[in-house]
>>> print(open('start33.cif').read())   # mmCIF, C-alpha atoms
data_model
loop_
_atom_site.label_atom_id
_atom_site.label_comp_id
_atom_site.auth_asym_id
_atom_site.auth_seq_id
_atom_site.Cartn_x
_atom_site.Cartn_y
_atom_site.Cartn_z
CA MET A 1 25.31 -63.80 48.46
CA ASN A 2 23.17 -65.60 45.84
CA LYS A 3 24.86 -68.98 45.38
CA TRP A 4 21.83 -71.16 44.53
CA ILE A 5 19.77 -71.30 41.33
CA ILE A 6 16.26 -72.65 40.80
CA LYS A 7 15.54 -73.27 37.12
CA PHE A 8 12.08 -73.97 35.67
CA LEU A 9 12.05 -76.57 32.87
CA THR A 10 8.30 -76.49 32.18
CA GLY A 11 5.20 -74.58 33.18
CA ALA A 12 4.21 -70.94 32.98
CA HIS A 13 7.73 -69.79 33.86
CA GLN A 14 9.68 -72.17 31.62
CA GLY A 15 13.30 -71.07 31.17
CA ALA A 16 13.43 -68.80 34.23
CA GLU A 17 16.56 -68.99 36.42
CA ILE A 18 16.20 -67.37 39.84
CA PRO A 19 19.25 -66.80 42.10
CA LEU A 20 18.66 -67.52 45.79
CA LYS A 21 20.58 -67.13 49.07
CA ASP A 22 20.76 -69.62 51.92
CA GLY A 23 17.46 -69.74 53.80
CA ASP A 24 13.91 -71.10 53.79
CA TYR A 25 11.48 -70.25 50.97
CA LYS A 26 7.75 -70.98 50.85
CA ILE A 27 6.83 -71.79 47.24
CA GLY A 28 3.29 -71.72 45.90
CA CYS A 29 0.66 -69.63 44.13
CA ALA A 30 -0.32 -67.32 47.02
CA ASP A 31 0.84 -63.72 47.43
CA THR A 32 2.04 -64.61 50.93
CA ASP A 33 4.52 -67.19 49.58
CA ASP A 34 8.18 -66.20 49.36
CA LEU A 35 8.28 -67.25 45.70
CA THR A 36 4.90 -66.80 44.04
CA LEU A 37 4.43 -68.70 40.76
CA THR A 38 1.46 -68.40 38.41
CA ASP A 39 1.37 -72.08 37.55
CA ALA A 40 -1.85 -74.09 37.59
CA ALA A 41 -0.12 -77.10 39.16
CA LEU A 42 0.61 -75.24 42.41
CA VAL A 43 -1.53 -74.44 45.46
CA ALA A 44 -0.88 -71.91 48.22
CA HIS A 45 2.28 -72.83 50.17
CA HIS A 46 2.73 -75.99 48.16
CA PHE A 47 6.12 -76.79 49.70
CA THR A 48 9.08 -75.19 51.48
CA LEU A 49 12.60 -75.12 50.04
CA HIS A 50 15.41 -75.23 52.64
CA LEU A 51 18.85 -74.05 51.45
CA ASN A 52 22.00 -74.11 53.57
CA GLU A 53 25.74 -74.04 52.97
CA THR A 54 25.94 -77.35 51.08
CA SER A 55 22.51 -78.94 50.63
CA ALA A 56 18.94 -78.35 49.46
CA GLU A 57 15.91 -79.96 51.10
CA ILE A 58 12.13 -79.89 50.66
CA SER A 59 9.36 -80.18 53.25
CA LEU A 60 5.61 -80.30 52.73
CA PRO A 61 2.94 -78.74 54.91
CA LYS A 62 0.12 -80.88 56.26
CA GLU A 63 -2.36 -82.17 53.68
CA SER A 64 -0.37 -80.74 50.78
CA ASN A 65 -0.36 -82.42 47.38
CA PRO A 66 2.62 -84.80 47.03
CA ILE A 67 5.53 -83.96 44.76
CA PHE A 68 8.29 -85.99 43.12
CA ILE A 69 12.05 -85.66 43.65
CA GLY A 70 13.50 -87.61 40.78
CA ASP A 71 11.50 -90.87 40.70
CA ASN A 72 10.67 -90.76 44.40
CA ALA A 73 7.37 -89.40 45.65
CA THR A 74 7.20 -87.30 48.79
CA LYS A 75 4.18 -87.45 51.02
CA PRO A 76 2.55 -84.68 53.02
CA ARG A 77 2.84 -84.79 56.79
CA ASN A 78 -0.04 -86.04 58.86
CA HIS A 79 -0.62 -85.35 62.53
CA GLU A 80 1.54 -88.29 63.58
CA GLN A 81 4.56 -87.38 61.44
CA ASP A 82 7.52 -85.30 62.49
CA ASN A 83 6.90 -81.66 61.65
CA ASN A 84 10.56 -81.30 60.61
CA GLU A 85 10.57 -84.16 58.09
CA ARG A 86 12.55 -83.10 55.02
CA TYR A 87 13.51 -84.65 51.68
CA LEU A 88 17.04 -84.19 50.32
CA VAL A 89 17.37 -82.86 46.75
CA ILE A 90 20.55 -83.85 44.91
CA PHE A 91 21.49 -81.95 41.74
CA PRO A 92 20.39 -82.51 38.97
CA GLN A 93 17.29 -84.31 40.28
CA ILE A 94 14.08 -82.96 38.76
CA ILE A 95 11.41 -81.72 41.17
CA SER A 96 7.95 -82.43 39.73
CA VAL A 97 4.62 -80.92 40.76
CA GLY A 98 2.11 -82.17 38.20
CA THR A 99 3.23 -80.71 34.87
CA LEU A 100 5.60 -78.24 36.56
CA LYS A 101 9.24 -79.39 36.62
CA MET A 102 12.21 -77.58 38.11
CA VAL A 103 15.84 -78.12 39.21
CA ILE A 104 17.64 -76.62 42.22
CA GLY A 105 21.43 -76.51 42.59
CA LEU A 106 24.49 -74.42 43.38
CA LYS A 107 25.71 -71.90 40.80
CA THR A 108 28.94 -73.89 40.55
CA GLU A 109 27.14 -76.98 39.22
CA ASN A 110 27.33 -77.98 35.55
CA TRP A 111 24.04 -76.43 34.41
CA GLN A 112 24.75 -77.04 30.74
CA ASN A 113 23.87 -80.71 31.18
CA VAL A 114 20.50 -79.98 32.79
CA SER A 115 17.71 -81.05 30.43
CA LEU A 116 14.16 -82.33 30.59
CA PRO A 117 13.82 -86.10 30.00
CA ASP A 118 10.76 -87.73 28.44
CA ILE A 119 7.65 -87.34 30.64
CA ASN A 120 7.11 -90.36 32.86
CA PHE A 121 3.35 -90.72 32.74
CA LYS A 122 3.40 -93.36 35.48
CA GLN A 123 4.89 -90.74 37.75
CA GLU A 124 2.05 -88.30 36.95
CA THR A 125 -0.75 -90.83 37.51
CA ASP A 126 0.80 -92.02 40.75
CA THR A 127 0.20 -88.59 42.33
CA THR A 128 -3.51 -89.31 42.52
CA ASP A 129 -3.24 -92.48 44.59
CA ASN A 130 -1.27 -93.62 47.64
CA HIS A 131 1.75 -94.58 45.43
CA SER A 132 1.56 -98.19 46.47
CA ILE A 133 1.85 -101.00 43.93
CA SER A 134 -0.37 -104.01 44.33
CA ASN A 135 1.44 -107.33 44.60
CA THR A 136 -1.65 -109.37 43.66
CA SER A 137 -0.88 -111.83 40.87
CA ILE A 138 -3.00 -111.55 37.71
CA ASN A 139 -3.35 -113.90 34.79
CA LYS A 140 -2.19 -113.25 31.26
CA ASP A 141 -5.57 -112.04 29.97
CA ASP A 142 -5.89 -109.60 32.86
CA LYS A 143 -2.42 -108.28 32.11
CA ASN A 144 -3.29 -107.66 28.46
CA ARG A 145 -6.57 -105.99 29.40
CA ASN A 146 -4.81 -103.81 31.99
CA LYS A 147 -2.15 -102.92 29.45
CA THR A 148 -4.82 -101.77 26.99
CA ILE A 149 -6.50 -99.71 29.71
CA LYS A 150 -3.19 -98.20 30.73
CA ASN A 151 -2.37 -97.23 27.15
CA SER A 152 -5.77 -95.54 26.86
CA ILE A 153 -5.16 -93.70 30.13
CA TYR A 154 -1.71 -92.58 28.97
CA THR A 155 -3.09 -91.33 25.66
CA GLY A 156 -5.91 -89.45 27.38
CA LEU A 157 -3.53 -88.00 29.92
CA PHE A 158 -1.13 -86.86 27.20
CA ILE A 159 -3.94 -85.04 25.37
CA THR A 160 -5.13 -83.50 28.65
CA LEU A 161 -1.63 -82.26 29.47
CA ALA A 162 -1.22 -80.78 25.99
CA LEU A 163 -4.57 -78.97 26.19
CA ALA A 164 -3.77 -77.75 29.70
CA SER A 165 -0.43 -76.33 28.52
CA ILE A 166 -2.17 -74.50 25.66
CA MET A 167 -4.82 -73.09 28.01
CA ILE A 168 -2.17 -71.92 30.49
CA PHE A 169 -0.20 -70.28 27.68
CA LYS A 170 -3.29 -68.50 26.35
CA GLU A 171 -4.24 -67.37 29.84
CA ASP A 172 -0.78 -65.87 30.35
CA GLN A 173 -0.93 -64.16 26.97
CA ASN A 174 -4.37 -62.68 27.63
CA ASP A 175 -3.53 -61.48 31.12
CA LYS A 176 -0.18 -60.09 29.89
CA LYS A 177 1.37 -60.90 33.26
CA GLU A 178 5.06 -60.20 33.66
CA ASP A 179 6.88 -63.48 33.41
CA ILE A 180 9.29 -64.27 36.22
CA ILE A 181 12.01 -64.94 33.64
CA TYR A 182 12.58 -61.20 33.32
CA ILE A 183 14.08 -60.91 36.81
CA THR A 184 16.95 -63.23 35.97
CA GLN A 185 19.34 -60.52 34.66
CA ALA A 186 18.78 -58.02 37.49
CA PRO A 187 21.57 -59.34 39.78
CA LYS A 188 23.99 -59.31 36.84
CA TRP A 189 23.03 -55.71 36.04
CA GLU A 190 23.70 -54.58 39.62
CA GLN A 191 27.24 -55.95 39.28
CA VAL A 192 27.70 -54.16 35.93
CA LYS A 193 26.39 -50.88 37.33
CA GLY A 194 28.77 -51.15 40.28
CA THR A 195 31.70 -51.84 37.96
CA PHE A 196 30.82 -49.11 35.49
CA LYS A 197 30.11 -46.54 38.25
CA SER A 198 27.38 -44.60 36.45
CA ASP A 199 24.37 -43.09 38.22
CA TYR A 200 22.65 -42.10 34.98
CA LEU A 201 21.68 -45.52 33.61
CA ILE A 202 18.37 -47.35 34.20
CA PHE A 203 17.80 -51.07 33.61
CA ASN A 204 14.21 -52.12 32.80
CA GLU A 205 12.74 -55.58 32.17
CA ASN A 206 9.22 -56.39 31.03
CA GLU A 207 7.30 -58.79 28.81
CA HIS A 208 9.07 -57.35 25.74
CA GLY A 209 12.60 -57.94 27.06
CA ALA A 210 15.35 -55.94 28.76
CA GLU A 211 16.46 -52.37 28.00
CA ILE A 212 19.15 -50.00 29.28
CA LYS A 213 18.34 -46.28 29.05
CA GLY A 214 20.14 -43.15 30.21
CA ARG A 215 23.07 -41.01 29.17
CA LEU A 216 26.85 -41.26 29.05
CA ARG A 217 29.56 -38.63 28.64
CA ASN A 218 31.29 -39.90 25.50
CA GLN A 219 31.56 -42.74 23.01
CA SER A 220 34.37 -44.47 24.89
CA ASP A 221 32.06 -44.83 27.91
CA LEU A 222 29.50 -46.57 25.69
CA THR A 223 32.14 -48.92 24.31
CA GLN A 224 33.25 -49.79 27.85
CA LEU A 225 29.62 -50.45 28.89
CA LYS A 226 29.05 -52.81 25.94
CA THR A 227 32.25 -54.71 26.75
CA ILE A 228 31.27 -55.20 30.41
CA MET A 229 27.73 -56.29 29.41
CA GLU A 230 29.16 -58.87 27.01
CA LEU A 231 31.44 -60.28 29.72
CA ALA A 232 28.46 -60.47 32.13
CA ASN A 233 26.29 -62.12 29.43
CA ILE A 234 23.55 -59.48 29.68
CA GLN A 235 21.20 -59.33 26.68
CA ALA A 236 19.48 -55.93 26.52
CA LYS A 237 18.56 -53.19 24.07
CA ILE A 238 20.70 -50.08 24.57
CA ASP A 239 19.09 -46.63 24.28
CA ILE A 240 21.82 -44.22 25.42
CA ILE A 241 22.25 -40.46 24.87
CA ILE A 242 25.90 -39.42 24.33
CA ASP A 243 26.58 -35.88 25.66
CA GLU A 244 29.71 -35.58 23.50
CA ASN A 245 27.53 -35.92 20.38
CA LEU A 246 25.24 -33.14 21.64
CA LYS A 247 28.27 -30.93 22.17
CA GLN A 248 29.48 -31.46 18.60
CA LEU A 249 26.00 -30.75 17.24
CA LEU A 250 25.76 -27.42 19.09
CA TYR A 251 29.29 -26.46 18.01
CA GLN A 252 28.31 -27.00 14.37
CA LYS A 253 25.30 -24.72 14.79
CA LEU A 254 27.43 -21.99 16.40
CA SER A 255 30.06 -22.22 13.64
CA SER A 256 27.66 -20.27 11.40
CA LEU A 257 28.63 -17.17 13.45
CA LYS A 258 32.20 -17.54 12.16
CA GLU A 259 33.61 -16.65 15.57
CA ASP A 260 36.87 -18.58 15.98
CA SER A 261 37.10 -17.92 19.71
CA ILE A 262 33.79 -19.67 20.56
CA ASN A 263 34.03 -23.18 21.99
CA VAL A 264 31.58 -25.69 23.55
CA VAL A 265 32.52 -27.91 26.50
CA LEU A 266 30.63 -30.44 28.64
CA GLY A 267 29.30 -29.24 31.98
CA GLU A 268 29.56 -31.06 35.27
CA ASN A 269 25.95 -32.26 35.15
CA PRO A 270 24.57 -34.78 32.62
CA GLY A 271 23.02 -33.14 29.55
CA GLU A 272 24.68 -29.79 30.35
CA LEU A 273 26.70 -27.81 27.76
CA ILE A 274 28.78 -24.64 28.30
CA VAL A 275 29.51 -22.08 25.55
CA GLN A 276 32.76 -20.16 26.09
CA GLY A 277 34.75 -17.46 24.30
CA THR A 278 34.28 -13.91 23.05
CA THR A 279 31.91 -12.60 20.39
CA ASN A 280 30.50 -9.44 18.84
CA LYS A 281 27.34 -11.34 17.79
CA SER A 282 25.78 -11.97 21.15
CA GLU A 283 22.17 -11.70 19.96
CA GLN A 284 22.65 -14.22 17.13
CA LEU A 285 24.42 -16.53 19.57
CA LYS A 286 21.54 -16.32 22.08
CA ASN A 287 19.02 -17.11 19.32
CA ILE A 288 20.92 -20.24 18.29
CA ILE A 289 21.18 -21.42 21.91
CA ASN A 290 17.47 -20.84 22.61
CA THR A 291 16.42 -22.61 19.39
CA GLU A 292 18.61 -25.62 20.23
CA LYS A 293 17.18 -25.80 23.76
CA GLU A 294 13.62 -25.92 22.43
CA SER A 295 14.20 -28.31 19.50
CA ASN A 296 16.57 -30.82 21.13
CA THR A 297 15.04 -32.28 24.30
CA ASP A 298 18.16 -34.40 24.89
CA ILE A 299 19.99 -31.21 25.90
CA LEU A 300 18.98 -30.45 29.48
CA ASN A 301 20.81 -27.11 29.87
CA ILE A 302 23.04 -24.73 27.93
CA ILE A 303 25.12 -22.18 29.87
CA ASN A 304 26.27 -19.11 27.94
CA ASN A 305 29.61 -17.99 29.39
CA THR A 306 30.70 -15.91 26.39
CA GLU A 307 31.85 -12.29 26.71
CA LEU A 308 31.58 -9.31 24.37
CA GLU A 309 34.90 -8.61 22.66
CA ASN A 310 34.70 -4.85 23.34
CA GLN A 311 34.40 -5.56 27.06
CA VAL A 312 37.54 -7.69 27.27
CA SER A 313 40.48 -5.77 28.75
CA ILE A 314 43.17 -4.98 26.20
CA PRO A 315 46.76 -4.34 27.39
CA ARG A 316 47.61 -0.62 27.29
CA ASN A 317 50.99 0.69 26.26
CA ILE A 318 52.46 2.91 28.97
CA ARG A 319 55.68 4.64 29.93
CA MET A 320 55.86 4.30 33.71
CA GLY A 321 59.08 6.23 34.10
CA LEU A 322 61.09 3.08 33.62
CA ASN A 323 64.50 3.84 32.16
CA VAL A 324 65.63 0.38 31.15
CA ARG A 325 69.34 0.09 30.45
CA SER A 326 69.53 -3.63 29.61
CA VAL A 327 67.44 -6.79 29.46
CA ASN A 328 68.72 -10.31 30.09
CA ILE A 329 66.66 -13.24 28.78
CA GLY A 330 68.04 -16.37 30.41
CA ARG A 331 66.85 -19.03 32.83
CA THR A 332 65.69 -16.17 35.09
CA PRO A 333 64.83 -13.11 32.95
CA TYR A 334 65.57 -9.69 34.47
CA PHE A 335 66.19 -6.06 33.46
CA ILE A 336 68.41 -3.33 34.89
CA THR A 337 67.42 0.33 35.08
CA ASP A 338 69.69 3.32 34.48
CA ASP A 339 70.16 3.74 38.22
CA GLY A 340 71.46 0.14 38.49
CA GLN A 341 68.39 -1.53 40.02
CA LYS A 342 67.68 -5.14 39.02
CA PHE A 343 64.12 -6.43 38.61
CA VAL A 344 62.91 -10.01 37.97
CA ASN A 345 59.48 -11.51 37.33
CA GLY A 346 57.21 -11.00 40.33
CA SER A 347 58.95 -7.85 41.55
CA THR A 348 56.73 -4.93 42.59
CA LEU A 349 57.48 -1.38 41.49
CA LEU A 350 56.90 1.70 43.65
CA SER A 351 53.77 2.38 41.59
CA GLY A 352 52.27 -0.91 42.79
CA LEU A 353 52.60 -2.58 39.40
CA ILE A 354 53.83 -6.17 39.43
CA ILE A 355 56.28 -7.38 36.80
CA ASP A 356 54.48 -10.24 35.01
CA ASP A 357 56.68 -10.93 31.96
CA ILE A 358 60.07 -9.82 30.63
CA ASN A 359 61.16 -10.27 27.01
CA THR A 360 63.18 -8.39 24.39
CA GLN A 361 60.19 -6.41 23.04
CA TYR A 362 58.27 -5.33 26.13
CA ILE A 363 57.84 -5.68 29.87
CA GLN A 364 54.34 -6.74 30.94
CA LEU A 365 53.00 -5.40 34.22
CA LYS A 366 49.78 -6.10 36.13
CA LYS A 367 47.70 -4.31 38.69
CA GLY A 368 44.60 -6.25 39.71
CA GLU A 369 42.82 -7.30 36.51
CA GLU A 370 44.47 -4.56 34.42
CA ILE A 371 47.40 -5.40 32.16
CA TYR A 372 50.02 -2.87 30.93
CA LEU A 373 52.86 -3.10 28.44
CA HIS A 374 56.10 -1.12 28.62
CA GLN A 375 57.46 -1.18 25.08
CA LEU A 376 61.24 -1.38 25.00
CA GLY A 377 62.94 1.16 22.74
CA ALA A 378 59.79 3.37 22.59
CA ASN A 379 60.24 7.13 22.81
#
>>> encode(input="start33.cif", output="structure tokens")
Amino acid sequence: MNKWIIKFLTGAHQGAEIPLKDGDYKIGCADTDDLTLTDAALVAHHFTLHLNETSAEISLPKESNPIFIGDNATKPRNHEQDNNERYLVIFPQIISVGTLKMVIGLKTENWQNVSLPDINFKQETDTTDNHSISNTSINKDDKNRNKTIKNSIYTGLFITLALASIMIFKEDQNDKKEDIIYITQAPKWEQVKGTFKSDYLIFNENEHGAEIKGRLRNQSDLTQLKTIMELANIQAKIDIIIDENLKQLLYQKLSSLKEDSINVVLGENPGELIVQGTTNKSEQLKNIINTEKESNTDILNIINNTELENQVSIPRNIRMGLNVRSVNIGRTPYFITDDGQKFVNGSTLLSGLIIDDINTQYIQLKKGEEIYLHQLGAN
């Protein structure tokens, strides 16, 4: 489970928040690093981040450039140092590598209070020496001269940092590399997709932002998706096809046939519509369906399940030798013949016909798919 967050406050990936699990991560600018950053301040395998249940630590490989944790400088290992030497990082201490600054902490921390303080130029210049401060006493004139030199160094360094930031920004813009910030919503989207239970949505992120594409069955599904996205704080453009809208559009086109029995329903597959009912205008109906298939690419398939009206079985009036004496329409309808026999719904006559319905006007009988009516009172 991702319970840690590393947030970049400056540099090429400023604003990115990357969720991490417990474990060890090599961080640097090489493709072989676990977390590869395109920041000019980093070298290959610049440092290793160690995350466990409750704490975060940093270790440096041999002869690596030093980094700062808060105001404290770390030093690379030499051959005499312990290979397992680590530096504890306590939230919200800022980790500094040149102009690159980041914060690591648990998701449960108060991230709203994390901000970038004013740049400590002394901290930046100290990375180029052995971080020791001379205790040699100097006179007042020397102090003033050193102060002037320091101010000049700070001013020059500030200009250099500003120019470097501009150059890095331009380089990123020209290369059009995908910024790491666009992976920050992916874990949230996986949770939304699992909650919404839809296999027909795709979540894309690139340098232009995030977008959700696909199709849903009806408008209520879209409303539910938007609600879940809002709760998960996912910012993305929505480009969704609603199958219910396609169904209504096709139904309007078919209404020109003026066939009241024709209906359109959604199929089992996404983008699939089914036309049902009976019609005497089958050719016109086929033309409308084919035209809609060609002109509307959002419709993936239209199934024509209509039947010709003259092919639909019509109940036939018959006299099957039934001499009905009386009919009783109660909780269990039945009729009695002249010879005293009693028949209820579901009974089978000697002819093989099954009694399907009993009412005061007729008795309906079935044999297979055929339907027959025995009109009561007919001669």
>>> resolve_selection(input="start33.cif", expression="the PyMOL selection byres ((chain A and resi 335) around 9)", output="number ranges by chain")
A: 324-329, 333-334, 336-337, 341-344, 358
>>> closest_residue(input="start33.cif", among="A:Leu9, A:Leu349, A:Leu250, A:Cys29", to="Met102 in chain A", atoms="all atoms listed in the file")
A:Leu9
>>> resolve_selection(input="start33.cif", expression="the PyMOL selection byres ((chain A and resi 49) around 6)", output="VMD selection string")
chain A and resid 24 to 25 48 50 57 to 58
>>> closest_residue(input="start33.cif", among="A:Lys367, A:Asn233, A:Lys258, A:Lys253", to="Ile289 in chain A", atoms="all atoms listed in the file")
A:Lys253
>>> closest_residue(input="start33.cif", among="A:Gln248, A:Asn204, A:Thr108, A:Thr74", to="Trp4 in chain A", atoms="all atoms listed in the file")
A:Thr108
>>> atom_distance(input="start33.cif", atom1="CA of Pro66 in chain A", atom2="CA of Lys107 in chain A")
27.2 Å
>>> residues_near_point(input="start33.cif", point="(30.8, -50.2, 28.2)", cutoff="12 Å", atoms="only C-alpha atoms", output="VMD selection string")
chain A and resid 192 to 193 195 to 198 201 212 216 to 232 234 238 240
>>> write_last_selection(input="start33.cif", atoms="C-alpha atoms", output="PDB file, keeping the file's coordinate frame")
ATOM      1  CA  VAL A 192      27.700 -54.160  35.930  1.00  0.00           C
ATOM      2  CA  LYS A 193      26.390 -50.880  37.330  1.00  0.00           C
ATOM      3  CA  THR A 195      31.700 -51.840  37.960  1.00  0.00           C
ATOM      4  CA  PHE A 196      30.820 -49.110  35.490  1.00  0.00           C
ATOM      5  CA  LYS A 197      30.110 -46.540  38.250  1.00  0.00           C
ATOM      6  CA  SER A 198      27.380 -44.600  36.450  1.00  0.00           C
ATOM      7  CA  LEU A 201      21.680 -45.520  33.610  1.00  0.00           C
ATOM      8  CA  ILE A 212      19.150 -50.000  29.280  1.00  0.00           C
ATOM      9  CA  LEU A 216      26.850 -41.260  29.050  1.00  0.00           C
ATOM     10  CA  ARG A 217      29.560 -38.630  28.640  1.00  0.00           C
ATOM     11  CA  ASN A 218      31.290 -39.900  25.500  1.00  0.00           C
ATOM     12  CA  GLN A 219      31.560 -42.740  23.010  1.00  0.00           C
ATOM     13  CA  SER A 220      34.370 -44.470  24.890  1.00  0.00           C
ATOM     14  CA  ASP A 221      32.060 -44.830  27.910  1.00  0.00           C
ATOM     15  CA  LEU A 222      29.500 -46.570  25.690  1.00  0.00           C
ATOM     16  CA  THR A 223      32.140 -48.920  24.310  1.00  0.00           C
ATOM     17  CA  GLN A 224      33.250 -49.790  27.850  1.00  0.00           C
ATOM     18  CA  LEU A 225      29.620 -50.450  28.890  1.00  0.00           C
ATOM     19  CA  LYS A 226      29.050 -52.810  25.940  1.00  0.00           C
ATOM     20  CA  THR A 227      32.250 -54.710  26.750  1.00  0.00           C
ATOM     21  CA  ILE A 228      31.270 -55.200  30.410  1.00  0.00           C
ATOM     22  CA  MET A 229      27.730 -56.290  29.410  1.00  0.00           C
ATOM     23  CA  GLU A 230      29.160 -58.870  27.010  1.00  0.00           C
ATOM     24  CA  LEU A 231      31.440 -60.280  29.720  1.00  0.00           C
ATOM     25  CA  ALA A 232      28.460 -60.470  32.130  1.00  0.00           C
ATOM     26  CA  ILE A 234      23.550 -59.480  29.680  1.00  0.00           C
ATOM     27  CA  ILE A 238      20.700 -50.080  24.570  1.00  0.00           C
ATOM     28  CA  ILE A 240      21.820 -44.220  25.420  1.00  0.00           C
TER      29      ILE A 240
END
>>> resolve_selection(input="start33.cif", expression="the PyMOL selection byres ((chain A and resi 262) around 12)", output="PyMOL selection string")
chain A and resi 250-261+263-265+274-282+285+304-309
>>> atom_distance(input="start33.cif", atom1="CA of Glu109 in chain A", atom2="CA of His45 in chain A")
27.5 Å
>>> atom_distance(input="start33.cif", atom1="CA of Leu273 in chain A", atom2="CA of Tyr200 in chain A")
16.5 Å
>>> closest_residue(input="start33.cif", among="A:Leu51, A:Leu20, A:Asp39, A:Ile6", to="Pro92 in chain A", atoms="all atoms listed in the file")
A:Ile6
>>> closest_residue(input="start33.cif", among="A:Asp243, A:Asp357, A:Glu283, A:Asp338", to="Leu300 in chain A", atoms="all atoms listed in the file")
A:Asp243
>>> residues_around(input="start33.cif", residues="Ile90 in chain A", least_positions_apart="6", cutoff="10 Å", atoms="all atoms listed in the file", output="PyMOL selection string")
chain A and resi 55-57+69-70+103-105
>>> closest_residue(input="start33.cif", among="A:Lys7, A:His208, A:Lys26, A:Arg215", to="Leu106 in chain A", atoms="all atoms listed in the file")
A:Lys7
